[in-house]
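Okay, my_file19.cif is below, mmCIF, C-alpha atoms and all ligand atoms:
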```
data_query
#
loop_
_atom_site.group_PDB
_atom_site.id
_atom_site.type_symbol
_atom_site.label_atom_id
_atom_site.label_comp_id
_atom_site.auth_asym_id
_atom_site.auth_seq_id
_atom_site.Cartn_x
_atom_site.Cartn_y
_atom_site.Cartn_z
ATOM 1 C CA MET A 1 -110.322 -18.150 -35.541
ATOM 2 C CA LEU A 2 -111.986 -15.523 -33.357
ATOM 3 C CA ASN A 3 -115.687 -14.870 -33.423
ATOM 4 C CA ILE A 4 -116.174 -11.675 -35.483
ATOM 5 C CA SER A 5 -117.964 -9.861 -32.623
ATOM 6 C CA LEU A 6 -115.182 -10.682 -30.201
ATOM 7 C CA GLU A 7 -112.551 -9.618 -32.702
ATOM 8 C CA LYS A 8 -114.307 -6.281 -33.170
ATOM 9 C CA ARG A 9 -114.620 -5.790 -29.409
ATOM 10 C CA ASN A 10 -110.906 -6.621 -28.931
ATOM 11 C CA ASP A 11 -109.895 -4.117 -31.620
ATOM 12 C CA LEU A 12 -112.036 -1.388 -30.058
ATOM 13 C CA LEU A 13 -110.836 -2.111 -26.537
ATOM 14 C CA GLY A 14 -107.193 -2.366 -27.624
ATOM 15 C CA THR A 15 -107.405 0.988 -29.395
ATOM 16 C CA HIS A 16 -109.078 2.552 -26.351
ATOM 17 C CA VAL A 17 -106.403 1.287 -23.940
ATOM 18 C CA VAL A 18 -103.591 2.423 -26.251
ATOM 19 C CA LYS A 19 -105.040 5.935 -26.070
ATOM 20 C CA SER A 20 -105.097 5.753 -22.252
ATOM 21 C CA LEU A 21 -101.514 4.462 -22.159
ATOM 22 C CA LYS A 22 -100.273 7.264 -24.409
ATOM 23 C CA GLN A 23 -101.853 9.823 -22.094
ATOM 24 C CA ARG A 24 -99.648 8.309 -19.381
ATOM 25 C CA HIS A 25 -96.523 8.797 -21.544
ATOM 26 C CA PHE A 26 -96.098 5.152 -22.518
ATOM 27 C CA GLU A 27 -95.340 4.293 -26.121
ATOM 28 C CA ALA A 28 -98.272 2.033 -26.910
ATOM 29 C CA TYR A 29 -99.398 -0.201 -29.750
ATOM 30 C CA TYR A 30 -102.221 -2.616 -30.453
ATOM 31 C CA TYR A 31 -101.880 -5.537 -32.861
ATOM 32 C CA LYS A 32 -104.540 -8.078 -33.737
ATOM 33 C CA THR A 33 -102.062 -10.935 -33.802
ATOM 34 C CA SER A 34 -98.914 -11.950 -31.990
ATOM 35 C CA LYS A 35 -97.188 -12.476 -35.351
ATOM 36 C CA GLU A 36 -97.544 -8.770 -36.201
ATOM 37 C CA ALA A 37 -96.585 -7.786 -32.651
ATOM 38 C CA VAL A 38 -93.346 -9.806 -32.652
ATOM 39 C CA GLU A 39 -92.191 -8.163 -35.888
ATOM 40 C CA LYS A 40 -92.907 -4.719 -34.426
ATOM 41 C CA ILE A 41 -91.028 -5.505 -31.204
ATOM 42 C CA LEU A 42 -88.001 -6.726 -33.167
ATOM 43 C CA GLU A 43 -88.082 -3.418 -35.085
ATOM 44 C CA ILE A 44 -88.007 -1.495 -31.800
ATOM 45 C CA LEU A 45 -85.117 -3.561 -30.407
ATOM 46 C CA PRO A 46 -81.745 -2.506 -31.874
ATOM 47 C CA LYS A 47 -79.654 -5.537 -32.841
ATOM 48 C CA LYS A 48 -76.477 -4.050 -31.352
ATOM 49 C CA GLU A 49 -77.917 -3.435 -27.878
ATOM 50 C CA SER A 50 -78.135 -5.762 -24.913
ATOM 51 C CA VAL A 51 -81.471 -7.305 -24.082
ATOM 52 C CA SER A 52 -82.871 -9.450 -21.309
ATOM 53 C CA TRP A 53 -86.277 -10.535 -20.075
ATOM 54 C CA GLY A 54 -88.310 -11.650 -17.107
ATOM 55 C CA GLY A 55 -90.004 -15.034 -16.834
ATOM 56 C CA SER A 56 -93.193 -14.847 -18.882
ATOM 57 C CA VAL A 57 -95.603 -17.329 -20.411
ATOM 58 C CA THR A 58 -96.748 -14.617 -22.840
ATOM 59 C CA LEU A 59 -93.244 -13.927 -24.180
ATOM 60 C CA GLU A 60 -92.675 -17.652 -24.680
ATOM 61 C CA GLU A 61 -96.094 -18.206 -26.281
ATOM 62 C CA ILE A 62 -95.600 -15.535 -28.934
ATOM 63 C CA GLY A 63 -92.139 -16.879 -29.803
ATOM 64 C CA LEU A 64 -90.351 -13.660 -28.903
ATOM 65 C CA ILE A 65 -87.764 -15.206 -26.571
ATOM 66 C CA LYS A 66 -86.831 -17.776 -29.210
ATOM 67 C CA ARG A 67 -86.313 -15.025 -31.820
ATOM 68 C CA VAL A 68 -84.230 -12.908 -29.426
ATOM 69 C CA ARG A 69 -82.044 -15.882 -28.510
ATOM 70 C CA GLU A 70 -81.482 -16.588 -32.205
ATOM 71 C CA GLU A 71 -81.033 -13.029 -33.458
ATOM 72 C CA TYR A 72 -79.421 -10.978 -30.682
ATOM 73 C CA ASP A 73 -75.736 -11.447 -29.883
ATOM 74 C CA MET A 74 -76.063 -9.480 -26.644
ATOM 75 C CA ALA A 75 -78.964 -11.426 -25.169
ATOM 76 C CA VAL A 76 -78.569 -11.858 -21.406
ATOM 77 C CA ASP A 77 -80.242 -15.214 -20.801
ATOM 78 C CA ARG A 78 -80.559 -16.523 -17.250
ATOM 79 C CA ASP A 79 -81.555 -19.957 -18.551
ATOM 80 C CA LYS A 80 -77.930 -20.398 -19.664
ATOM 81 C CA ALA A 81 -76.818 -20.420 -16.024
ATOM 82 C CA ILE A 82 -75.393 -23.658 -14.665
ATOM 83 C CA THR A 83 -75.666 -22.872 -10.964
ATOM 84 C CA ILE A 84 -78.121 -20.882 -8.855
ATOM 85 C CA ALA A 85 -75.355 -18.343 -8.146
ATOM 86 C CA ASP A 86 -74.762 -17.887 -11.910
ATOM 87 C CA ARG A 87 -78.464 -17.433 -12.452
ATOM 88 C CA TYR A 88 -78.640 -14.748 -9.786
ATOM 89 C CA GLU A 89 -75.668 -12.948 -11.323
ATOM 90 C CA ILE A 90 -77.297 -12.971 -14.762
ATOM 91 C CA MET A 91 -80.525 -11.624 -13.233
ATOM 92 C CA GLN A 92 -78.493 -8.761 -11.745
ATOM 93 C CA LYS A 93 -76.908 -8.059 -15.147
ATOM 94 C CA ALA A 94 -80.384 -7.952 -16.713
ATOM 95 C CA ILE A 95 -81.236 -4.902 -14.630
ATOM 96 C CA PHE A 96 -78.497 -2.979 -16.436
ATOM 97 C CA CYS A 97 -79.295 -4.133 -19.968
ATOM 98 C CA ASP A 98 -80.249 -1.602 -22.632
ATOM 99 C CA ASN A 99 -83.579 -3.346 -23.159
ATOM 100 C CA TYR A 100 -85.863 -5.436 -20.995
ATOM 101 C CA LEU A 101 -88.818 -7.546 -22.107
ATOM 102 C CA THR A 102 -91.624 -8.505 -19.782
ATOM 103 C CA SER A 103 -95.312 -9.184 -19.613
ATOM 104 C CA VAL A 104 -97.677 -7.808 -17.009
ATOM 105 C CA ASN A 105 -100.328 -9.339 -14.766
ATOM 106 C CA ALA A 106 -103.042 -6.793 -15.548
ATOM 107 C CA VAL A 107 -103.687 -3.552 -17.414
ATOM 108 C CA SER A 108 -106.509 -1.227 -16.421
ATOM 109 C CA GLU A 109 -108.556 0.479 -19.096
ATOM 110 C CA ASP A 110 -107.193 3.815 -17.904
ATOM 111 C CA GLY A 111 -103.648 2.639 -18.698
ATOM 112 C CA GLN A 112 -102.084 1.464 -15.417
ATOM 113 C CA LEU A 113 -99.889 -1.643 -15.284
ATOM 114 C CA VAL A 114 -100.009 -4.026 -12.312
ATOM 115 C CA ASN A 115 -97.381 -6.654 -11.634
ATOM 116 C CA VAL A 116 -96.944 -9.127 -8.811
ATOM 117 C CA ASP A 117 -93.403 -10.434 -8.393
ATOM 118 C CA GLY A 118 -91.792 -12.895 -6.013
ATOM 119 C CA THR A 119 -88.073 -12.178 -6.403
ATOM 120 C CA GLY A 120 -88.527 -8.598 -7.574
ATOM 121 C CA ASN A 121 -86.166 -8.761 -10.557
ATOM 122 C CA ARG A 122 -88.949 -8.088 -13.056
ATOM 123 C CA VAL A 123 -90.485 -5.123 -11.262
ATOM 124 C CA ALA A 124 -87.007 -3.744 -10.470
ATOM 125 C CA ALA A 125 -86.068 -3.685 -14.161
ATOM 126 C CA MET A 126 -89.402 -2.155 -15.074
ATOM 127 C CA ALA A 127 -88.903 0.643 -12.563
ATOM 128 C CA PHE A 128 -85.241 1.492 -13.134
ATOM 129 C CA GLY A 129 -82.228 0.395 -15.138
ATOM 130 C CA PRO A 130 -82.844 -0.590 -18.738
ATOM 131 C CA LYS A 131 -83.205 2.420 -21.017
ATOM 132 C CA ARG A 132 -86.082 0.737 -22.819
ATOM 133 C CA VAL A 133 -88.719 -1.629 -21.372
ATOM 134 C CA ILE A 134 -91.137 -3.482 -23.630
ATOM 135 C CA VAL A 135 -94.242 -4.837 -21.932
ATOM 136 C CA VAL A 136 -96.314 -7.356 -23.895
ATOM 137 C CA ALA A 137 -99.862 -8.335 -22.949
ATOM 138 C CA GLY A 138 -102.764 -10.218 -24.435
ATOM 139 C CA ILE A 139 -106.117 -8.428 -24.442
ATOM 140 C CA ASN A 140 -107.284 -10.926 -21.782
ATOM 141 C CA LYS A 141 -105.215 -8.960 -19.250
ATOM 142 C CA VAL A 142 -107.180 -5.745 -19.718
ATOM 143 C CA VAL A 143 -109.646 -5.022 -16.919
ATOM 144 C CA LYS A 144 -111.865 -2.079 -16.126
ATOM 145 C CA THR A 145 -110.202 -0.370 -13.163
ATOM 146 C CA TRP A 146 -106.936 -0.286 -11.228
ATOM 147 C CA GLY A 147 -108.710 -2.132 -8.391
ATOM 148 C CA ASP A 148 -109.781 -4.825 -10.843
ATOM 149 C CA ALA A 149 -106.153 -5.054 -12.008
ATOM 150 C CA ILE A 150 -104.920 -5.681 -8.464
ATOM 151 C CA THR A 151 -107.648 -8.291 -7.990
ATOM 152 C CA ARG A 152 -106.790 -10.012 -11.270
ATOM 153 C CA ALA A 153 -103.091 -10.094 -10.453
ATOM 154 C CA ARG A 154 -103.572 -11.453 -6.956
ATOM 155 C CA THR A 155 -106.509 -13.813 -7.271
ATOM 156 C CA TYR A 156 -106.101 -15.147 -10.796
ATOM 157 C CA ALA A 157 -102.619 -14.623 -12.228
ATOM 158 C CA SER A 158 -100.611 -15.395 -9.088
ATOM 159 C CA PRO A 159 -102.230 -18.717 -8.120
ATOM 160 C CA ALA A 160 -101.893 -19.774 -11.769
ATOM 161 C CA ASN A 161 -98.251 -18.661 -11.921
ATOM 162 C CA ALA A 162 -97.459 -20.511 -8.708
ATOM 163 C CA GLN A 163 -98.321 -23.777 -10.452
ATOM 164 C CA ARG A 164 -95.390 -23.357 -12.844
ATOM 165 C CA VAL A 165 -92.705 -22.249 -10.369
ATOM 166 C CA PRO A 166 -90.469 -25.181 -9.375
ATOM 167 C CA ASN A 167 -89.592 -26.089 -5.787
ATOM 168 C CA ILE A 168 -91.900 -23.759 -3.901
ATOM 169 C CA LYS A 169 -94.366 -24.507 -1.140
ATOM 170 C CA THR A 170 -97.295 -22.091 -1.054
ATOM 171 C CA PRO A 171 -100.905 -22.731 -0.009
ATOM 172 C CA CYS A 172 -102.263 -21.777 -3.459
ATOM 173 C CA LEU A 173 -100.436 -24.768 -4.916
ATOM 174 C CA SER A 174 -102.887 -27.084 -3.218
ATOM 175 C CA THR A 175 -106.030 -24.912 -3.182
ATOM 176 C CA GLY A 176 -105.745 -23.088 -6.544
ATOM 177 C CA THR A 177 -106.746 -19.844 -4.877
ATOM 178 C CA CYS A 178 -104.798 -17.107 -3.117
ATOM 179 C CA GLU A 179 -104.619 -17.637 0.643
ATOM 180 C CA ASP A 180 -102.797 -14.318 1.205
ATOM 181 C CA CYS A 181 -99.837 -16.283 2.523
ATOM 182 C CA GLN A 182 -96.664 -15.151 4.245
ATOM 183 C CA SER A 183 -94.778 -18.205 3.094
ATOM 184 C CA ALA A 184 -91.005 -17.923 2.662
ATOM 185 C CA ASP A 185 -91.603 -19.088 -0.928
ATOM 186 C CA CYS A 186 -94.394 -16.590 -1.591
ATOM 187 C CA ILE A 187 -94.405 -15.424 -5.223
ATOM 188 C CA CYS A 188 -96.345 -12.272 -4.272
ATOM 189 C CA THR A 189 -93.638 -10.314 -2.476
ATOM 190 C CA TYR A 190 -94.072 -7.137 -4.516
ATOM 191 C CA ILE A 191 -97.312 -5.712 -5.883
ATOM 192 C CA VAL A 192 -96.304 -2.860 -8.139
ATOM 193 C CA THR A 193 -98.387 -0.383 -10.113
ATOM 194 C CA THR A 194 -96.720 1.525 -12.919
ATOM 195 C CA ARG A 195 -98.902 4.617 -13.277
ATOM 196 C CA ILE A 196 -96.924 6.431 -15.959
ATOM 197 C CA SER A 197 -93.771 6.048 -18.028
ATOM 198 C CA ARG A 198 -91.024 8.282 -16.737
ATOM 199 C CA PRO A 199 -89.041 9.309 -18.701
ATOM 200 C CA LYS A 200 -91.734 9.681 -21.332
ATOM 201 C CA GLY A 201 -91.551 6.841 -23.850
ATOM 202 C CA ARG A 202 -89.151 4.640 -21.818
ATOM 203 C CA ILE A 203 -91.808 1.953 -21.396
ATOM 204 C CA HIS A 204 -93.433 0.539 -24.515
ATOM 205 C CA VAL A 205 -96.657 -1.425 -24.105
ATOM 206 C CA VAL A 206 -97.638 -3.831 -26.863
ATOM 207 C CA LEU A 207 -101.216 -5.084 -26.582
ATOM 208 C CA ILE A 208 -102.260 -8.058 -28.660
ATOM 209 C CA GLY A 209 -105.821 -9.044 -29.541
ATOM 210 C CA GLU A 210 -105.298 -12.635 -28.406
ATOM 211 C CA THR A 211 -105.549 -14.565 -25.147
ATOM 212 C CA LEU A 212 -101.976 -14.913 -23.904
ATOM 213 C CA GLY A 213 -100.471 -15.984 -20.597
ATOM 214 C CA PHE A 214 -102.589 -15.739 -17.492
HETATM 215 S S1 LIG B 301 -101.178 -17.979 -1.553
HETATM 216 FE FE1 LIG B 301 -99.291 -16.799 -1.368
HETATM 217 S S2 LIG B 301 -98.051 -17.317 -3.176
HETATM 218 FE FE2 LIG B 301 -100.137 -18.015 -3.537
HETATM 219 S S3 LIG B 301 -101.097 -16.375 -4.709
HETATM 220 FE FE3 LIG B 301 -101.554 -15.992 -2.532
HETATM 221 S S4 LIG B 301 -99.958 -14.674 -1.707
HETATM 222 FE FE4 LIG B 301 -99.280 -15.510 -3.701
#
```
Rendering of file as structure tokens:
Amino acid sequence: MLNISLEKRNDLLGTHVVKSLKQRHFEAYYYKTSKEAVEKILEILPKKESVSWGGSVTLEEIGLIKRVREEYDMAVDRDKAITIADRYEIMQKAIFCDNYLTSVNAVSEDGQLVNVDGTGNRVAAMAFGPKRVIVVAGINKVVKTWGDAITRARTYASPANAQRVPNIKTPCLSTGTCEDCQSADCICTYIVTTRISRPKGRIHVVLIGETLGF
């Protein structure tokens, strides 16, 4: 149960950021709870269209991936791959799905999305391919400025994400902080800002008044 002051602040901030996002031609929504948000996302996603997703703690935490696996016949799921080559092929197919689900590393109050990506599949699908992209983020990912968003993504989200990626060797794994590495396993290959949605309305951003992911 959230403290009432924090809940009020989250609602105000969420509403404010939704307004900023809409000015940048995103479809944008704020929900107090992930339960409400999941139902809305499933309404947006047509059952007869293909759908895939990028690796995301947020999407797992809110139960969205589980629902999509259960309810969508055309789900393109890289976790069904047996070999690394199969997995790569499924990731390529995801870029041409009708719909793509992802989270984001940071959102600035003026409505810009910042993502850091190692392989690039997630930022590629966000930028081009799927006709509809749905970005889900907890209110904890909202920061004041675009510069703050870059800082959050690089110094907080990435070292935390590195801890969950199997079989990599990066300096942040042992220090817990970004060492600005050039490791072959670096998970910070691409640092991408999405300033606007083009075409208008292609990217939907669903903000949730909860702490989700990192
Ligand atoms: S040390 Fe390397 S992999 Fe780790 S957060 Fe920094 S740039 Fe990314």
Legend entry - Polymer residues at most 7 Å from Val133 in chain A, only C-alpha atoms, same-chain spacing of 5 or more positions, as an MDAnalysis selection string: chainID A and resid 99:101 126 202:204
Legend entry - Given all atoms listed in the file as the counted atoms, nearest of A:Gln23, A:Thr15, A:Thr177, A:Ser52 to ligand LIG 301 (chain B):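 Answer, going by the shortest atom-to-atom distance: A:Thr177.
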Report, as lines of an AutoDock Vina configuration file, the axis-aligned box around all atoms of ligand LIG 301 (chain B) present in the file, extended by 4 Å on each side; give centre and edge lengths in Å to one decimal place.
```
center_x = -99.8
center_y = -16.3
center_z = -3.0
size_x = 11.5
size_y = 11.3
size_z = 11.3
```
For the file shown, report as a compact mmCIF listing (two decimals) with C-alpha atoms, in the coordinates of the input the outcome of the PyMOL selection byres (((chain A and resi 120) around 12) and not hetatm) at residue level.
```txt
# COMPACT_ATOMS: atom_id res chain seq x y z
CA GLY A 54 -88.31 -11.65 -17.11
CA GLY A 55 -90.00 -15.03 -16.83
CA TYR A 88 -78.64 -14.75 -9.79
CA MET A 91 -80.53 -11.62 -13.23
CA GLN A 92 -78.49 -8.76 -11.74
CA ILE A 95 -81.24 -4.90 -14.63
CA ASN A 115 -97.38 -6.65 -11.63
CA VAL A 116 -96.94 -9.13 -8.81
CA ASP A 117 -93.40 -10.43 -8.39
CA GLY A 118 -91.79 -12.90 -6.01
CA THR A 119 -88.07 -12.18 -6.40
CA ASN A 121 -86.17 -8.76 -10.56
CA ARG A 122 -88.95 -8.09 -13.06
CA VAL A 123 -90.48 -5.12 -11.26
CA ALA A 124 -87.01 -3.74 -10.47
CA ALA A 125 -86.07 -3.68 -14.16
CA MET A 126 -89.40 -2.15 -15.07
CA ALA A 127 -88.90 0.64 -12.56
CA PHE A 128 -85.24 1.49 -13.13
CA CYS A 186 -94.39 -16.59 -1.59
CA ILE A 187 -94.40 -15.42 -5.22
CA CYS A 188 -96.34 -12.27 -4.27
CA THR A 189 -93.64 -10.31 -2.48
CA TYR A 190 -94.07 -7.14 -4.52
CA ILE A 191 -97.31 -5.71 -5.88
CA VAL A 192 -96.30 -2.86 -8.14
```
What are the nearest atom pairs, with distances in Å to one decimal, for all residues of chain A that come at most 12 Å from ligand LIG 301 (chain B), using only C-alpha atoms and all ligand atoms, set out by chain and rising residue number as CSV?
```
residue,atom,partner,partner_atom,distance
A:Val116,CA,B:LIG301,FE4,8.5
A:Asp117,CA,B:LIG301,FE4,9.1
A:Gly118,CA,B:LIG301,S2,8.2
A:Thr119,CA,B:LIG301,S2,11.7
A:Ile150,CA,B:LIG301,S3,12.0
A:Thr151,CA,B:LIG301,S3,10.9
A:Arg152,CA,B:LIG301,S3,10.8
A:Ala153,CA,B:LIG301,S3,8.7
A:Arg154,CA,B:LIG301,S3,5.9
A:Thr155,CA,B:LIG301,S3,6.5
A:Tyr156,CA,B:LIG301,S3,8.0
A:Ala157,CA,B:LIG301,S3,7.9
A:Ser158,CA,B:LIG301,S3,4.5
A:Pro159,CA,B:LIG301,S3,4.3
A:Ala160,CA,B:LIG301,S3,7.9
A:Asn161,CA,B:LIG301,S3,8.1
A:Ala162,CA,B:LIG301,FE2,6.3
A:Gln163,CA,B:LIG301,FE2,9.2
A:Arg164,CA,B:LIG301,S2,11.7
A:Val165,CA,B:LIG301,S2,10.2
A:Ile168,CA,B:LIG301,S2,8.9
A:Lys169,CA,B:LIG301,S2,8.3
A:Thr170,CA,B:LIG301,S2,5.3
A:Pro171,CA,B:LIG301,S1,5.0
A:Cys172,CA,B:LIG301,FE2,4.3
A:Leu173,CA,B:LIG301,FE2,6.9
A:Ser174,CA,B:LIG301,S1,9.4
A:Thr175,CA,B:LIG301,S1,8.6
A:Gly176,CA,B:LIG301,FE2,8.1
A:Thr177,CA,B:LIG301,S3,6.6
A:Cys178,CA,B:LIG301,FE3,3.5
A:Glu179,CA,B:LIG301,S1,4.1
A:Asp180,CA,B:LIG301,S4,4.1
A:Cys181,CA,B:LIG301,FE1,4.0
A:Gln182,CA,B:LIG301,FE1,6.4
A:Ser183,CA,B:LIG301,FE1,6.5
A:Ala184,CA,B:LIG301,S2,9.2
A:Asp185,CA,B:LIG301,S2,7.1
A:Cys186,CA,B:LIG301,S2,4.1
A:Ile187,CA,B:LIG301,S2,4.6
A:Cys188,CA,B:LIG301,FE4,4.4
A:Thr189,CA,B:LIG301,S4,7.7
A:Tyr190,CA,B:LIG301,FE4,9.9
A:Ile191,CA,B:LIG301,FE4,10.2
```
Inset, instruction - Taking the file above as input, evaluate the PyMOL selection byres (((chain A and resi 44-46) around 12) and not hetatm) and report the hits as a ChimeraX atom specification. - result: /A:27-29,37-43,47-52,64,67-68,71-75,97-101,131-134,202-206
Inset, instruction - Record the distance separating CA of Leu21 in chain A and CA of Arg195 in chain A, expressed in Å with one decimal. - result: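 Pair CA of Leu21 in chain A / CA of Arg195 in chain A returns 9.3 Å.
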Legend entry - Selection near Thr145 in chain A, 12 Å with all atoms listed in the file, sequence-local residues under 4 positions removed, as a VMD selection string: chain A and resid 17 106 to 114 141 149 to 152
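Counting only C-alpha atoms, the residue from A:Ile208, A:Ala81, A:Val142, A:Val76 that sits nearest to Ser20 in chain A is A:Val142.
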Inset, instruction - Name the residues in contact with Ser197 in chain A at a cut-off of 7 Å, using only C-alpha atoms, excluding same-chain residues fewer than 6 positions from it; report them as a ChimeraX atom specification. - result: /A:24-26,203
Legend entry - Distance in Å - CA of Asn140 in chain A versus CA of Arg69 in chain A: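 These atoms are spaced 26.6 Å apart.
Take CA of Tyr31 in chain A and CA of Val136 in chain A: the distance between them is 10.7 Å.
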Inset, instruction - Quick one: residues within 6 Å of (-95.8, -10.0, -26.3) (file frame), counting all atoms listed in the file, please, as a PyMOL selection string. - result: chain A and resi 58-59+136-137
Mind rebuilding range 90-117 of chain A with N, CA and C atoms and writing that out as a tab-separated table (two decimals), in the coordinates of the input?
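That gives us out.tsv:
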```tsv
chain	number	residue	atom	x	y	z
A	90	ILE	N	-76.73	-13.37	-13.45
A	90	ILE	CA	-77.30	-12.97	-14.76
A	90	ILE	C	-78.54	-12.11	-14.55
A	91	MET	N	-79.34	-12.44	-13.53
A	91	MET	CA	-80.53	-11.62	-13.23
A	91	MET	C	-80.12	-10.21	-12.82
A	92	GLN	N	-78.99	-10.10	-12.11
A	92	GLN	CA	-78.49	-8.76	-11.74
A	92	GLN	C	-78.05	-7.99	-12.99
A	93	LYS	N	-77.36	-8.71	-13.90
A	93	LYS	CA	-76.91	-8.06	-15.15
A	93	LYS	C	-78.10	-7.56	-15.97
A	94	ALA	N	-79.20	-8.31	-15.91
A	94	ALA	CA	-80.38	-7.95	-16.71
A	94	ALA	C	-80.90	-6.57	-16.34
A	95	ILE	N	-80.71	-6.19	-15.10
A	95	ILE	CA	-81.24	-4.90	-14.63
A	95	ILE	C	-80.47	-3.75	-15.29
A	96	PHE	N	-79.28	-4.04	-15.80
A	96	PHE	CA	-78.50	-2.98	-16.44
A	96	PHE	C	-78.38	-3.17	-17.95
A	97	CYS	N	-79.26	-3.99	-18.51
A	97	CYS	CA	-79.30	-4.13	-19.97
A	97	CYS	C	-79.88	-2.87	-20.60
A	98	ASP	N	-79.63	-2.72	-21.90
A	98	ASP	CA	-80.25	-1.60	-22.63
A	98	ASP	C	-81.77	-1.80	-22.74
A	99	ASN	N	-82.16	-3.04	-22.89
A	99	ASN	CA	-83.58	-3.35	-23.16
A	99	ASN	C	-84.06	-4.48	-22.26
A	100	TYR	N	-85.31	-4.38	-21.85
A	100	TYR	CA	-85.86	-5.44	-21.00
A	100	TYR	C	-87.27	-5.77	-21.49
A	101	LEU	N	-87.51	-7.07	-21.64
A	101	LEU	CA	-88.82	-7.55	-22.11
A	101	LEU	C	-89.56	-8.18	-20.95
A	102	THR	N	-90.83	-7.92	-20.85
A	102	THR	CA	-91.62	-8.51	-19.78
A	102	THR	C	-93.09	-8.54	-20.21
A	103	SER	N	-93.87	-9.32	-19.47
A	103	SER	CA	-95.31	-9.18	-19.61
A	103	SER	C	-95.81	-8.45	-18.37
A	104	VAL	N	-97.08	-8.53	-18.12
A	104	VAL	CA	-97.68	-7.81	-17.01
A	104	VAL	C	-98.86	-8.66	-16.53
A	105	ASN	N	-99.22	-8.52	-15.27
A	105	ASN	CA	-100.33	-9.34	-14.77
A	105	ASN	C	-101.69	-8.75	-15.08
A	106	ALA	N	-101.76	-7.42	-15.20
A	106	ALA	CA	-103.04	-6.79	-15.55
A	106	ALA	C	-102.81	-5.37	-16.03
A	107	VAL	N	-103.71	-4.93	-16.90
A	107	VAL	CA	-103.69	-3.55	-17.41
A	107	VAL	C	-105.09	-2.98	-17.22
A	108	SER	N	-105.18	-1.83	-16.58
A	108	SER	CA	-106.51	-1.23	-16.42
A	108	SER	C	-106.85	-0.42	-17.67
A	109	GLU	N	-108.13	-0.25	-17.89
A	109	GLU	CA	-108.56	0.48	-19.10
A	109	GLU	C	-108.03	1.91	-19.10
A	110	ASP	N	-107.74	2.45	-17.92
A	110	ASP	CA	-107.19	3.82	-17.90
A	110	ASP	C	-105.66	3.82	-18.00
A	111	GLY	N	-105.06	2.67	-18.33
A	111	GLY	CA	-103.65	2.64	-18.70
A	111	GLY	C	-102.65	2.43	-17.58
A	112	GLN	N	-103.04	1.76	-16.49
A	112	GLN	CA	-102.08	1.46	-15.42
A	112	GLN	C	-101.69	-0.02	-15.49
A	113	LEU	N	-100.42	-0.28	-15.20
A	113	LEU	CA	-99.89	-1.64	-15.28
A	113	LEU	C	-99.71	-2.20	-13.88
A	114	VAL	N	-100.17	-3.40	-13.64
A	114	VAL	CA	-100.01	-4.03	-12.31
A	114	VAL	C	-99.24	-5.34	-12.45
A	115	ASN	N	-98.20	-5.45	-11.64
A	115	ASN	CA	-97.38	-6.65	-11.63
A	115	ASN	C	-97.18	-7.17	-10.22
A	116	VAL	N	-97.29	-8.47	-10.06
A	116	VAL	CA	-96.94	-9.13	-8.81
A	116	VAL	C	-95.66	-9.91	-9.07
A	117	ASP	N	-94.71	-9.81	-8.15
A	117	ASP	CA	-93.40	-10.43	-8.39
A	117	ASP	C	-92.88	-11.04	-7.10
```
